[in-house]
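Peer 1: First the structure, which I've put down as structure tokens, then a few questions once you've had a look.
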Amino acid sequence: MPRFQRNRASITALALTATALLPGCASTTPSETGDSVSGPVLVAESPDRQWTGVAWIGSSGEVIVNYPRWTEEYTNAVERVRIGPDGAVTRVPWPNQTMNTVPDPESLSPSERRDVLVAVQAVHTDRKGRIWILDTGNPGFAGVLEGGAKLIMVNPSTGRVERTYAFDSTIARPDSYLNDVRIDIRYERAYITDSGIGGLVVVDLDTAEARRVLDGHPSTLAEPDFTPVIGGRAFVDPQTGQPPQIHADGIALSPDGRHLYWQALTAKTLYRVPTRALADFTVENDALIAEIENMGRTVVTDGMAFDGRGNLYFSALENDAVMYRTPTGAIRTLWSSPKLAWPDTFSYDAVRDVLYVTTAQIHRMPGRAGPGMPWPPAEPFRIFRFDLSGAN
């Protein structure tokens, strides 16, 4: 995620709307194209609550969402979005209200921060159905607070926190921004990208031991002199005129679990490494580097996810699209629409063969948008669901 200055925004109560199918998506138009010709289902939308992460939960069609702590006015970090039989949508703080009631995390002690949600960036459902919450511990990009950075495993049926993996300053460094996570059920490892300083974090879920790898390696860093164009504008820091250096961000685990893929956000090169080496804590960093494969050029992406057929999906920021890389390496468009304004994070439900994606509109945030642009933006924040069974 981009590094923003703290700012005040008019954040009011969340208003969510559910519909069977977004009216404008029922057929392909010149501005809405792709392989998914009927368009996605609109799960929910909010006029003023900016979500980044989404995770499917159970078989109910409900989702878990998270909101980054990027503004002074802030409510909950994580919520469960429930859609009733009549289409009415409610939101419930999740896993519980207590963990979400954190007006000022800087006023808490390190031990208190461990038990609450300080600054959540991602939620994820693994292949066992467990829900994971990734807490950067870094509110407003002001620096990681001691005791704040952690990975939390939650039982989706009960909402009970089963285990918390807290990260000290050797893992979540002062300028780290732990961005996204994937769970390897073959080795019981968590793999986490650090978009703040570049690098990967590997966590042994049995012992809670964690280590950093590939720190400063070109594969985990933004590409120099590269400026994305998002929403028709160069994505640059208005104070310096330079693109933000957003390092390792999107991350995905291959369907067979044999490779981990990642990409920096201000970059267009995809990399992977075998999980047999990444999961083995006895493999030294230099040996791990020797196993990295450059998978070629792709698109500017924030989130990534595989489906069960080996297609790798990208939230294509410059294209207002969801695009994907086939197993043969071809890049295709699933769906492109102005409604996909900064598609952020994916959640793939292999049981129903559906793909969720959020729109975060980060390029429209104060300090990034053009003069006079409103915040919250005119377009609502949205969650879409794609049925992939007939798409490719």
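For the structure tokens, the naming scheme is as follows: chains receive sequential letters (A, B, ...) according to their order of presentation, residues are indexed from 1 within each chain, and ligands are indexed from 1 in presentation order.
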Find the spatial neighbours of A:Tyr67, counting only C-alpha atoms, within a cut-off of 8 Å - ignore same-chain residues fewer than 2 positions away - and output them as an MDAnalysis selection string.
Peer 2: chainID A and resid 49:53 65 69 76:78 120:121
Peer 1: DSSP says strand (DSSP E) for which residues of stretch 35-233 of chain A? Put them as a PyMOL selection string?
Peer 2: chain A and resi 41-46+54-56+63-66+78-83+89-93+120-125+131-135+150-154+161-166+178-184+189-194+200-204+210-213+229-230+233
Peer 1: Counting only C-alpha atoms, what is within 12 Å of A:Asp280, bar same-chain residues fewer than 5 positions away, as a list in words?
Peer 2: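 Non-adjacent residues within range: Tyr187, Glu188, Arg189, Val202, Val203, Asp204, Glu209, Ala210, Arg211, Val213, Pro274, Thr275, Asn285, Ala287 and Leu288 of chain A.
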Peer 1: Limited to C-alpha atoms, could you put the picked residues into a file as a short mmCIF file (atom, residue, chain, number, x, y, z; two decimals), in the first residue's frame?
Peer 2:
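Output below, filename result-v1.cif:
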data_model
loop_
_atom_site.label_atom_id
_atom_site.label_comp_id
_atom_site.auth_asym_id
_atom_site.auth_seq_id
_atom_site.Cartn_x
_atom_site.Cartn_y
_atom_site.Cartn_z
CA TYR A 187 4.11 -27.18 5.63
CA GLU A 188 1.95 -25.17 8.08
CA ARG A 189 3.70 -21.93 7.19
CA VAL A 202 7.90 -16.78 6.90
CA VAL A 203 6.14 -18.05 10.03
CA ASP A 204 6.22 -21.61 11.37
CA GLU A 209 9.16 -19.05 14.94
CA ALA A 210 9.41 -16.38 12.24
CA ARG A 211 12.17 -15.18 9.97
CA VAL A 213 14.03 -13.53 3.86
CA PRO A 274 9.58 -23.22 -4.41
CA THR A 275 7.83 -23.57 -1.08
CA ASN A 285 19.04 -16.63 2.22
CA ALA A 287 20.47 -20.46 -1.35
CA LEU A 288 16.88 -19.22 -1.41
#
Peer 1: Check the smallest atom-to-atom distance from each of A:Ile131, A:Leu117, A:Val300, A:Val357 to A:Ala44 using only C-alpha atoms, then report the winner.
Peer 2: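 Answer, going by the shortest atom-to-atom distance: A:Val357.
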Peer 1: For A:Glu32, which residue out of A:Gly216, A:Pro343, A:Pro338, A:Gly61 is the nearest one, using only C-alpha atoms?
Peer 2: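 Answer, going by the shortest atom-to-atom distance: A:Pro338.
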Peer 1: Considering only C-alpha atoms, tabulate each residue of stretch 232-332 of chain A that lies at most 10 Å from stretch 367-372 of chain A along with its nearest interatomic pair and the corresponding distance in Å to one decimal; arrange the rows by chain and ascending residue number and present them as a Markdown table.
Peer 2:
| residue | atom | partner | partner_atom | distance |
| --- | --- | --- | --- | --- |
| A:Arg233 | CA | A:Ala369 | CA | 8.6 |
| A:Ala234 | CA | A:Arg368 | CA | 9.7 |
| A:Phe235 | CA | A:Arg368 | CA | 7.5 |
| A:Val236 | CA | A:Arg368 | CA | 7.4 |
| A:Asp237 | CA | A:Arg368 | CA | 7.0 |
| A:Pro238 | CA | A:Arg368 | CA | 6.8 |
| A:Gln239 | CA | A:Gly367 | CA | 8.8 |
Peer 1: Take the residues just selected and output them with C-alpha atoms as an mmCIF file, in the first residue's frame.
Peer 2:
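And here is the file that came out, result_0.cif:
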data_model
loop_
_atom_site.group_PDB
_atom_site.id
_atom_site.type_symbol
_atom_site.label_atom_id
_atom_site.label_comp_id
_atom_site.auth_asym_id
_atom_site.auth_seq_id
_atom_site.Cartn_x
_atom_site.Cartn_y
_atom_site.Cartn_z
ATOM 1 C CA ARG A 233 -3.114 10.180 -13.732
ATOM 2 C CA ALA A 234 0.507 9.475 -12.922
ATOM 3 C CA PHE A 235 0.589 7.891 -9.480
ATOM 4 C CA VAL A 236 3.165 10.091 -7.765
ATOM 5 C CA ASP A 237 3.832 11.756 -4.443
ATOM 6 C CA PRO A 238 2.550 15.323 -4.937
ATOM 7 C CA GLN A 239 5.312 16.699 -2.722
#
Peer 1: Please identify all polymer residues within 12 Å of A:Asp168, counting only C-alpha atoms, omitting same-chain residues fewer than 3 positions from it, and present them as a list of chain:residue names.
Peer 2: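 In the requested format, the answer is A:Pro110, A:Ser111, A:Arg114, A:Thr136, A:Gly137, A:Val144, A:Leu145, A:Glu146, A:Gly147, A:Gly148, A:Ala149, A:Lys150, A:Leu151, A:Tyr165, A:Ile171, A:Ala172, A:Arg173, A:Pro174, A:Ser176, A:Ala208, A:Glu209, A:Ala210, A:Arg211, A:Arg212.
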Peer 1: For the residues selected in the previous step, produce a file with N, CA and C atoms as a CSV table (one decimal), in the first residue's frame.
Peer 2:
chain,number,residue,atom,x,y,z
A,110,PRO,N,2.6,-2.3,25.0
A,110,PRO,CA,2.8,-3.4,24.0
A,110,PRO,C,2.0,-4.6,24.2
A,111,SER,N,1.8,-5.0,25.5
A,111,SER,CA,1.0,-6.2,25.8
A,111,SER,C,-0.4,-6.0,25.5
A,114,ARG,N,-1.2,-6.3,21.7
A,114,ARG,CA,-1.2,-7.7,21.2
A,114,ARG,C,-2.6,-8.3,21.1
A,136,THR,N,-0.8,-4.9,10.7
A,136,THR,CA,0.5,-4.3,10.4
A,136,THR,C,1.2,-3.7,11.7
A,137,GLY,N,0.3,-3.3,12.6
A,137,GLY,CA,0.8,-2.6,13.8
A,137,GLY,C,1.3,-1.2,13.5
A,144,VAL,N,5.8,1.2,13.0
A,144,VAL,CA,5.2,0.0,13.7
A,144,VAL,C,5.3,0.2,15.2
A,145,LEU,N,4.2,0.1,15.9
A,145,LEU,CA,4.1,0.2,17.3
A,145,LEU,C,4.5,-1.1,18.0
A,146,GLU,N,5.3,-1.1,19.0
A,146,GLU,CA,5.7,-2.3,19.7
A,146,GLU,C,4.5,-3.1,20.2
A,147,GLY,N,4.5,-4.4,19.8
A,147,GLY,CA,3.4,-5.2,20.2
A,147,GLY,C,2.2,-5.2,19.3
A,148,GLY,N,2.3,-4.3,18.3
A,148,GLY,CA,1.1,-4.2,17.4
A,148,GLY,C,1.1,-5.1,16.2
A,149,ALA,N,2.2,-5.5,15.7
A,149,ALA,CA,2.3,-6.3,14.5
A,149,ALA,C,2.1,-7.8,14.8
A,150,LYS,N,1.2,-8.4,14.1
A,150,LYS,CA,0.8,-9.8,14.4
A,150,LYS,C,0.0,-10.5,13.4
A,151,LEU,N,-0.1,-11.8,13.4
A,151,LEU,CA,-1.0,-12.6,12.6
A,151,LEU,C,-1.9,-13.3,13.5
A,165,TYR,N,0.2,-14.8,16.6
A,165,TYR,CA,1.6,-14.8,16.3
A,165,TYR,C,2.1,-13.4,16.3
A,171,ILE,N,11.3,-8.8,13.1
A,171,ILE,CA,10.4,-9.3,12.0
A,171,ILE,C,9.6,-8.1,11.4
A,172,ALA,N,8.9,-7.4,12.2
A,172,ALA,CA,8.2,-6.2,11.8
A,172,ALA,C,9.0,-5.0,12.2
A,173,ARG,N,9.9,-4.5,11.3
A,173,ARG,CA,10.8,-3.5,11.6
A,173,ARG,C,10.1,-2.1,11.6
A,174,PRO,N,10.7,-1.1,12.2
A,174,PRO,CA,10.0,0.2,12.3
A,174,PRO,C,9.3,0.7,11.1
A,176,SER,N,8.4,-1.3,8.5
A,176,SER,CA,7.7,-2.3,7.8
A,176,SER,C,6.2,-2.0,7.6
A,208,ALA,N,5.7,-21.0,16.1
A,208,ALA,CA,5.6,-19.6,16.1
A,208,ALA,C,6.9,-18.9,15.8
A,209,GLU,N,7.9,-19.7,15.4
A,209,GLU,CA,9.2,-19.0,14.9
A,209,GLU,C,8.9,-18.3,13.6
A,210,ALA,N,9.5,-17.2,13.5
A,210,ALA,CA,9.4,-16.4,12.2
A,210,ALA,C,10.8,-15.9,11.8
A,211,ARG,N,10.9,-15.7,10.5
A,211,ARG,CA,12.2,-15.2,10.0
A,211,ARG,C,11.9,-14.3,8.7
A,212,ARG,N,12.7,-13.4,8.5
A,212,ARG,CA,12.7,-12.5,7.3
A,212,ARG,C,13.6,-13.1,6.2
Peer 1: Quick one, how far is atom CA of A:Gly232 from atom CA of A:Ala252?
Peer 2: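 Atom-to-atom, atom CA of A:Gly232 to atom CA of A:Ala252, that is 27.7 Å.
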Peer 1: Could you check which of A:Pro228, A:Gly196, A:Pro40, A:Pro103 is closest to A:Tyr356, using only C-alpha atoms?
Peer 2: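 Of all the options, A:Pro40 lies closest to A:Tyr356.
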Peer 1: Can you tell me which residues surround stretch 99-102 of chain A at a distance of at most 10 Å, considering only C-alpha atoms, apart from same-chain residues fewer than 4 positions away, and format the answer as a ChimeraX atom specification?
Peer 2: /A:74-79,93-95,106-108,113-119
Peer 1: With distances taken over only C-alpha atoms, which of A:Val63, A:Ala264, A:Ile383, A:Leu205 is nearest to A:Thr193?
Peer 2: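 Of A:Val63, A:Ala264, A:Ile383, A:Leu205, the one nearest A:Thr193 is A:Ala264, counting only C-alpha atoms.
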Peer 1: Env of A:Gly329: 10 Å cut, atoms = only C-alpha atoms, seq-sep filter 6 positions within chain, self excluded. Answer as an mmCIF file with C-alpha atoms, in the first residue's frame.
Peer 2:
data_model
loop_
_atom_site.group_PDB
_atom_site.id
_atom_site.type_symbol
_atom_site.label_atom_id
_atom_site.label_comp_id
_atom_site.auth_asym_id
_atom_site.auth_seq_id
_atom_site.Cartn_x
_atom_site.Cartn_y
_atom_site.Cartn_z
ATOM 1 C CA MET A 295 8.133 -15.269 -14.411
ATOM 2 C CA GLY A 296 8.112 -12.298 -16.775
ATOM 3 C CA ARG A 297 6.207 -9.053 -17.178
ATOM 4 C CA THR A 298 2.613 -8.725 -16.045
ATOM 5 C CA ASN A 311 -4.949 -19.083 -13.486
ATOM 6 C CA LEU A 312 -3.301 -16.284 -11.512
#
Peer 1: Pick from A:Ile64, A:Ile251, A:Ala142, A:Val89: nearest to A:Glu45, with only C-alpha atoms counted?
Peer 2: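 With only C-alpha atoms as the atom set, the closest residue is A:Val89.
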Peer 1: Among stretch 214-282 of chain A, which ones does DSSP assign to helix (DSSP H, G or I) (computed from the backbone)? Answer as a PyMOL selection string.
Peer 2: chain A and resi 218-220+275-278
Peer 1: How many Å separate atom CA of A:Ala316 from atom CA of A:Trp342?
Peer 2: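 Atom CA of A:Trp342 lies 7.8 Å from atom CA of A:Ala316.
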Peer 1: If we count only C-alpha atoms and set the cut-off at 8 Å, which residues sit around A:Thr164, ignoring sequence neighbours fewer than 2 positions away in its own chain? Please answer as a count of residues only.
Peer 2: 7
